[in-house]
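Structure first, then comments.
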Amino acid sequence: MHKKLYRLTYILPVVLILAFTSEKQDAETSEMNRFIDKLMEEMTLEEKIGQLTLFTSDMDHTGPFMREHYLDDIQSGRVGAIFNAYTAEYTRELQRMAVEETRLGIPLLFGYDVIHGHRTIFPIPLGETATWDMEAIQESARIAALEATAEGLHWTFSPMIDVTRDPRWGRIAESSGEDPFLTAQVARAKVRGYQGDNLKDLHTMLATAKHFAAYGAPQAGRDYHTVDMSELVLRNKFLPPFKAIIEEDIATFMTAFNDMFGVPATGSEYLLKQVLREEWGFEGFVVTDYTSINEMVPHGFARDNKHAGELAMNAGVDMDMQGAVYNDYLAELVAEGKVSERTIDQAVRRILIMKYKLGLFEDPYRYSDPQRKAELVMTEENLEFARDFSRKSIVLLKNDDNVLPLSDDVRSIALIGPMGDNQRDLIGSWSAAGDYTRSVTLRQGIINRQGDRTRINYTLGTTVLEEDRSGFPAALRAAAQSDVVIMALGEHYWQSGEAASRSSIDLPGLQEELFDEIVKLGKPVIVVLMKGRPLTLENVDEKASAILETWYLGTTTGDAITDVLFGDYNPSGKLPVTYPRNVGQIPIFYNARNTGRPESDSKFTSKYLDVSNSPLYPFGYGLSYTNFDYSDIRLNTSEIPMNGTLTASVTITNTGDRFGEEVVQLYTRQLVGSITRPLKELKGFEKIALEPGESKEVTFELTWKDLAFYNAKNLFRAEPGEFHLFIGTSSEDVKQTTFTLLE
Ligand code: NOJ
């Protein structure tokens, strides 16, 4: 075929399909707008305000204040959305009240914190991120939505994309760690998983970007505390994931509890109007966090709740979570001319659009069908995926003398510690409707694999929360009588998550003392950690033979860890956050700036007298049972024009004798900038799989956008100049080259 003709016949149908699709979309949008216009014409101001109100049911408790008469509120149309209510039956009943008992019958929206799975619980988000596997993360969110929507839910308050550098802050467990680029990739994957391509699809749900903004940087790591940072740091480090997620058409944003620049986020016109709507063009709706409008009063920003409502509404908050401020005062504020009805209409429209997109006006009960739960929730398939996903989250921190993996023939194992046979902690905090009695403990996981082949001498040793030495003698006996010692140590599940900051991040209780006693026996000790944050582990790192970071892995914990312990799965997780040596180093993060006096042997440099600046484990770190060799970096050019593309390639070879996966990481550093630049910044990564002896080339492409940053004038620009480019297996273990970005 003639080339031109061929192109035409190829392109024409595509153009026609695109034109047809966009025409169809336009028609659908007009139809939706007509429907909403008509509905809004019929609505009274009170009914409109009802749509701006979100109350919790009494089924679950995720904040300090309960509203006892939420059922009356539903029946009288004073509420447009309910959270903490699930099951097809219960949501159906509440929906019936809204649809049948109110004047206009506008359906409710049901929200819930489906954070790392709904019934099938996956690893906590920090653990999920450690997979660096975006397809798997997307799939986990898809399954979470599948299960949640099968129980009447329409809306998840996830992903939490607060970048954080402070392991004292309990909510680090819910985050993707310290890096804005990695957090943004995870955020995008999760939104794609939750929202799919079409919100009308019964298996998809609205997602929420939270908490807007900078909630992950509270002073001293104390939850809800003040945030103070320069706009440069805010825009370059804390906002990028929020900006990225807009490109995924995220449906909703949740405001943060904290203040920033002296203004509570819930009353911040800068964040909600200037950045979110004007600069980024966000079109969904903004919900507050739990009573955060009311909290502007103790913040000292509003005189009383009414004033707080005025500030929130005028700043751009569409929906009030649990505070009842809009309900109580908006009508008055309109009458007094302090809030315009236009502003209220805009917010109502944004919320009704989401209800429309979910198909609730066609059939308000479509998600609340008990039959679907039986078919879709906690299926074999979901559990199988969970096991694979969980084992991918595990990070091998240490493995002296290849003590791991264990041999199939190991005769006896001493399993010691409070996390060895414990079900509740495994599903972590925000475990939604997860049933911890379904979670597989480590002890059970080993039994499932080894059966009678291996004797397991399990003993608690001590607990997490008490100072109790009574179990030490039994633990020492078990260790002395066994071929291998595994110590399962960690935190209680409520020691991380919301309102769970710790000033010490040592292993709680007497766990470390027990560990010290056991290692004195001189046997190799394998430590399995279960917890929601980095802990200070210098002593454990020095004395243990092997360490596995397993976070809280969720329902299939025991099987997933066993897969790694016995080598059925070769660990491939990498840390999404830096591990400090001690608490005084916090905040410690890899993408810091150099200072004018970088650490050296001389006295007057930026360092501590009692500890080095280096972390215990760096960002991006994680070992494997095999070895990966990195070639030198190859660039297509050492000088790229501003509109050019740089390609950087390396060849990675599996030089060991087992199959393994590796996360290849690319970092850059601009040597001189109009503002001081970080020592390294993650700009790309790829997870690859290699058979023993196999090599693969990995190629990254960078354009000016990857090298750009917000400058002192708040402009997003790349600046010409010299760069270092690094590719490697962690933020510290890298190959290096240089290139120049031309004018
Ligand atoms: C407060 C938490 O900060 C937020 O993340 C959560 O979504 C809401 N409570 C609702 O439970």
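Going by the structure tokens order, chains are called A, B, ..., each with residues numbered from 1, while ligands are numbered from 1 in the order shown.
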With ligand 1 as the partner and 10 Å as the cut-off, tabulate the residues of chain A that qualify, each row holding the nearest pair of atoms and their distance in Å to one decimal, using only C-alpha atoms and all ligand atoms, sorted by chain and rising number, as a tab-separated table.
```
residue	atom	partner	partner_atom_place_in_ligand_line	distance
A:Phe55	CA	ligand 1	10 (C)	9.9
A:Thr56	CA	ligand 1	11 (O)	8.4
A:Asp60	CA	ligand 1	11 (O)	8.9
A:His61	CA	ligand 1	11 (O)	7.5
A:Thr62	CA	ligand 1	11 (O)	4.5
A:Gly63	CA	ligand 1	9 (N)	5.8
A:Pro64	CA	ligand 1	9 (N)	9.3
A:Phe83	CA	ligand 1	10 (C)	7.6
A:Asn84	CA	ligand 1	11 (O)	7.3
A:Gly111	CA	ligand 1	10 (C)	8.6
A:Tyr112	CA	ligand 1	11 (O)	6.8
A:Asp113	CA	ligand 1	7 (O)	5.5
A:Val114	CA	ligand 1	7 (O)	8.9
A:Ile115	CA	ligand 1	7 (O)	8.8
A:Thr156	CA	ligand 1	7 (O)	8.2
A:Phe157	CA	ligand 1	7 (O)	4.9
A:Ser158	CA	ligand 1	7 (O)	7.4
A:Pro159	CA	ligand 1	5 (O)	9.2
A:Met160	CA	ligand 1	5 (O)	7.3
A:Arg171	CA	ligand 1	3 (O)	9.0
A:Glu174	CA	ligand 1	5 (O)	9.1
A:Thr208	CA	ligand 1	7 (O)	8.7
A:Ala209	CA	ligand 1	5 (O)	9.8
A:Lys210	CA	ligand 1	5 (O)	7.0
A:His211	CA	ligand 1	5 (O)	7.0
A:Tyr215	CA	ligand 1	3 (O)	9.3
A:Asp223	CA	ligand 1	3 (O)	9.7
A:Tyr224	CA	ligand 1	3 (O)	9.0
A:Met254	CA	ligand 1	7 (O)	7.9
A:Thr255	CA	ligand 1	3 (O)	9.1
A:Ala256	CA	ligand 1	3 (O)	7.4
A:Phe257	CA	ligand 1	3 (O)	7.4
A:Val287	CA	ligand 1	7 (O)	9.9
A:Thr288	CA	ligand 1	8 (C)	8.7
A:Asp289	CA	ligand 1	8 (C)	5.6
A:Tyr290	CA	ligand 1	9 (N)	5.0
A:Thr291	CA	ligand 1	1 (C)	8.7
A:Ser292	CA	ligand 1	1 (C)	9.1
A:Met321	CA	ligand 1	10 (C)	8.0
A:Gln322	CA	ligand 1	10 (C)	9.1
A:Trp430	CA	ligand 1	11 (O)	8.7
A:Ala432	CA	ligand 1	11 (O)	9.9
A:Gly497	CA	ligand 1	3 (O)	9.3
A:Glu498	CA	ligand 1	3 (O)	6.6
A:Ala499	CA	ligand 1	3 (O)	8.9
```
| Using the chain letters and numbers from this document, which residues of stretch 46-180 of chain A does DSSP assign to helix (DSSP H, G or I), as a ChimeraX atom specification? | /A:46-51,70-75,88-101,125-129,134-149,170-174,180
| request: Check stretch 56-210 of chain A with DSSP on the backbone and list each residue it calls strand (DSSP E), as a ChimeraX atom specification. | output: /A:56,81-83,109-112,155-156,208-210
Keeping only all heavy atoms, take the residues you just selected and write them out as a short mmCIF file (atom, residue, chain, number, x, y, z; two decimals), in the first residue's frame.
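The file below, selection.cif, is the result:
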```cif
data_model
loop_
_atom_site.label_atom_id
_atom_site.label_comp_id
_atom_site.auth_asym_id
_atom_site.auth_seq_id
_atom_site.Cartn_x
_atom_site.Cartn_y
_atom_site.Cartn_z
N THR A 56 -20.46 10.94 60.42
CA THR A 56 -20.12 9.54 60.64
C THR A 56 -21.35 8.78 61.15
O THR A 56 -22.21 9.36 61.80
CB THR A 56 -18.97 9.41 61.67
OG1 THR A 56 -18.68 8.03 61.89
CG2 THR A 56 -19.30 10.05 63.00
N ALA A 81 -23.80 13.05 52.86
CA ALA A 81 -22.84 11.94 52.79
C ALA A 81 -22.61 11.38 54.19
O ALA A 81 -22.69 12.12 55.17
CB ALA A 81 -21.53 12.42 52.20
N ILE A 82 -22.35 10.09 54.24
CA ILE A 82 -22.12 9.39 55.52
C ILE A 82 -20.80 8.62 55.40
O ILE A 82 -20.50 8.05 54.36
CB ILE A 82 -23.29 8.40 55.79
CG1 ILE A 82 -24.59 9.16 56.11
CG2 ILE A 82 -22.96 7.41 56.88
CD1 ILE A 82 -24.65 9.81 57.48
N PHE A 83 -20.03 8.63 56.49
CA PHE A 83 -18.84 7.76 56.48
C PHE A 83 -18.88 6.83 57.68
O PHE A 83 -19.70 6.98 58.59
CB PHE A 83 -17.55 8.57 56.39
CG PHE A 83 -17.17 9.42 57.58
CD1 PHE A 83 -15.98 9.20 58.26
CD2 PHE A 83 -17.96 10.48 57.99
CE1 PHE A 83 -15.60 10.00 59.33
CE2 PHE A 83 -17.59 11.29 59.05
CZ PHE A 83 -16.41 11.05 59.73
N LEU A 109 -23.90 9.72 49.69
CA LEU A 109 -22.59 9.22 49.25
C LEU A 109 -21.98 8.54 50.47
O LEU A 109 -21.99 9.12 51.55
CB LEU A 109 -21.77 10.45 48.87
CG LEU A 109 -20.45 10.30 48.18
CD1 LEU A 109 -20.63 9.66 46.82
CD2 LEU A 109 -19.82 11.70 47.99
N PHE A 110 -21.46 7.31 50.30
CA PHE A 110 -20.87 6.62 51.45
C PHE A 110 -19.35 6.58 51.34
O PHE A 110 -18.80 6.02 50.39
CB PHE A 110 -21.41 5.19 51.54
CG PHE A 110 -22.86 5.14 51.94
CD1 PHE A 110 -23.84 4.82 51.02
CD2 PHE A 110 -23.24 5.43 53.25
CE1 PHE A 110 -25.18 4.80 51.38
CE2 PHE A 110 -24.58 5.41 53.62
CZ PHE A 110 -25.55 5.10 52.68
N GLY A 111 -18.69 7.18 52.33
CA GLY A 111 -17.22 7.22 52.34
C GLY A 111 -16.66 6.38 53.48
O GLY A 111 -17.36 6.07 54.44
N TYR A 112 -15.39 6.01 53.34
CA TYR A 112 -14.75 5.22 54.40
C TYR A 112 -13.24 5.25 54.19
O TYR A 112 -12.77 5.46 53.07
CB TYR A 112 -15.26 3.77 54.32
CG TYR A 112 -14.98 2.92 55.54
CD1 TYR A 112 -15.10 3.44 56.82
CD2 TYR A 112 -14.62 1.58 55.39
CE1 TYR A 112 -14.86 2.65 57.94
CE2 TYR A 112 -14.38 0.78 56.51
CZ TYR A 112 -14.50 1.32 57.78
OH TYR A 112 -14.26 0.53 58.88
N TRP A 155 -16.67 5.79 48.10
CA TRP A 155 -15.66 6.84 48.22
C TRP A 155 -14.63 6.42 49.27
O TRP A 155 -15.02 6.10 50.40
CB TRP A 155 -16.38 8.12 48.64
CG TRP A 155 -15.60 9.34 48.89
CD1 TRP A 155 -14.38 9.66 48.40
CD2 TRP A 155 -16.03 10.45 49.70
NE1 TRP A 155 -14.02 10.91 48.86
CE2 TRP A 155 -15.02 11.42 49.66
CE3 TRP A 155 -17.18 10.73 50.45
CZ2 TRP A 155 -15.11 12.63 50.33
CZ3 TRP A 155 -17.26 11.93 51.12
CH2 TRP A 155 -16.24 12.87 51.06
N THR A 156 -13.36 6.38 48.92
CA THR A 156 -12.33 6.09 49.92
C THR A 156 -11.53 7.34 50.25
O THR A 156 -11.23 8.14 49.36
CB THR A 156 -11.38 4.96 49.46
OG1 THR A 156 -10.32 4.87 50.42
CG2 THR A 156 -10.75 5.21 48.10
N THR A 208 -9.46 10.05 47.31
CA THR A 208 -9.22 11.33 47.99
C THR A 208 -7.72 11.56 48.14
O THR A 208 -7.02 10.70 48.68
CB THR A 208 -9.81 11.30 49.41
OG1 THR A 208 -11.16 10.85 49.35
CG2 THR A 208 -9.74 12.67 50.07
N ALA A 209 -7.26 12.71 47.72
CA ALA A 209 -5.87 13.09 47.98
C ALA A 209 -5.84 13.78 49.34
O ALA A 209 -6.55 14.76 49.54
CB ALA A 209 -5.39 14.05 46.91
N LYS A 210 -5.06 13.24 50.26
CA LYS A 210 -5.06 13.86 51.59
C LYS A 210 -3.66 13.82 52.16
O LYS A 210 -2.86 13.01 51.73
CB LYS A 210 -6.07 13.17 52.50
CG LYS A 210 -5.65 11.76 52.99
CD LYS A 210 -6.75 11.12 53.80
CE LYS A 210 -6.25 9.86 54.48
NZ LYS A 210 -7.28 9.10 55.16
#
```
Need the shell around stretch 357-369 of chain A: protein/DNA/RNA residues with any atom at most 8 Å away, counting only C-alpha atoms. Skip same-chain ones fewer than 5 positions apart. Format as a compact mmCIF listing (two decimals) with N, CA and C atoms, in the first residue's frame?
```txt
# COMPACT_ATOMS: atom_id res chain seq x y z
N THR A 87 -21.37 -2.34 54.68
CA THR A 87 -22.16 -3.54 54.41
C THR A 87 -23.32 -3.13 53.51
N ALA A 88 -23.63 -4.02 52.60
CA ALA A 88 -24.69 -3.74 51.63
C ALA A 88 -26.00 -3.45 52.37
N GLU A 89 -26.23 -4.23 53.42
CA GLU A 89 -27.52 -4.10 54.12
C GLU A 89 -27.64 -2.74 54.81
N THR A 91 -25.87 0.10 54.35
CA THR A 91 -25.88 1.27 53.46
C THR A 91 -27.23 1.34 52.73
N ARG A 92 -27.79 0.19 52.45
CA ARG A 92 -29.09 0.16 51.78
C ARG A 92 -30.16 0.81 52.65
N GLN A 95 -29.54 4.48 52.84
CA GLN A 95 -29.89 5.07 51.53
C GLN A 95 -31.40 5.17 51.38
N VAL A 99 -33.46 8.45 50.30
CA VAL A 99 -34.18 8.47 49.04
C VAL A 99 -35.69 8.52 49.24
N ILE A 106 -32.49 12.85 47.30
CA ILE A 106 -31.11 12.84 46.76
C ILE A 106 -30.31 11.76 47.49
N PRO A 107 -29.69 10.85 46.73
CA PRO A 107 -28.98 9.74 47.39
C PRO A 107 -27.76 10.19 48.18
N LEU A 108 -27.44 9.39 49.18
CA LEU A 108 -26.25 9.66 50.00
C LEU A 108 -25.01 9.12 49.30
N THR A 149 -16.71 -1.45 47.26
CA THR A 149 -17.94 -1.10 46.55
C THR A 149 -18.96 -2.24 46.65
N ALA A 150 -18.47 -3.45 46.86
CA ALA A 150 -19.39 -4.57 47.04
C ALA A 150 -20.09 -4.48 48.40
N GLU A 151 -19.64 -3.56 49.23
CA GLU A 151 -20.30 -3.39 50.52
C GLU A 151 -20.91 -2.01 50.65
N GLY A 152 -21.27 -1.45 49.51
CA GLY A 152 -22.06 -0.22 49.53
C GLY A 152 -21.25 1.06 49.55
N LEU A 153 -19.93 0.97 49.51
CA LEU A 153 -19.11 2.19 49.60
C LEU A 153 -18.86 2.81 48.22
N HIS A 154 -18.79 4.16 48.23
CA HIS A 154 -18.58 4.87 46.96
C HIS A 154 -17.29 5.65 46.93
N LEU A 199 -16.17 6.00 36.54
CA LEU A 199 -16.71 5.94 37.91
C LEU A 199 -18.06 5.22 37.96
N LYS A 200 -18.69 5.11 36.82
CA LYS A 200 -20.00 4.44 36.81
C LYS A 200 -19.86 2.92 36.95
N ASP A 201 -18.68 2.45 36.63
CA ASP A 201 -18.41 1.03 36.80
C ASP A 201 -18.63 0.68 38.28
N LEU A 202 -19.39 -0.37 38.52
CA LEU A 202 -19.76 -0.71 39.90
C LEU A 202 -18.58 -1.07 40.79
N MET A 205 -14.42 3.44 42.70
CA MET A 205 -14.89 4.40 43.71
C MET A 205 -14.09 5.69 43.64
```
| message | Which residues are close to A:Pro218, i.e. within 12 Å by only C-alpha atoms, leaving aside same-chain residues fewer than 2 positions away? Reply as a VMD selection string. | response | chain A and resid 162 to 172 213 to 216 220 to 229 256 to 260 499 501 587
| remark: atom CA of A:Arg581 to atom CA of A:His116 measures 28.7 Å
| note | Here atom CA of A:Glu381 and atom CA of A:Gly445 stand apart by 18.3 Å
| task | Could you check which of A:Arg634, A:Arg658, A:Arg593, A:His724 is closest to A:Ser606, using only C-alpha atoms? | result |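 When distances to A:Ser606 are compared using only C-alpha atoms, the smallest one comes from A:Arg593.
Shortest separation to A:Ile121 among A:Asn643, A:Gln51, A:Ser140, A:Gln450 occurs at residue A:Ser140, atoms counted being only C-alpha atoms.
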| Distance query A:Glu47 at most 8 Å, only C-alpha atoms, self and fewer than 3 positions along chain excluded, as a list in words |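 With the cut-off at 8 Å, the set is Met43, Thr44, Gly50, Gln51, Gly77 and Arg78 of chain A.
Between atom CA of A:Ile36 and atom CA of A:Ile353 there is a distance of 7.5 Å.
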| Which residue gives the smallest distance to A:Thr703 among A:Leu460, A:Leu646, A:Met134, A:Leu126, with only C-alpha atoms counted? | A:Leu646
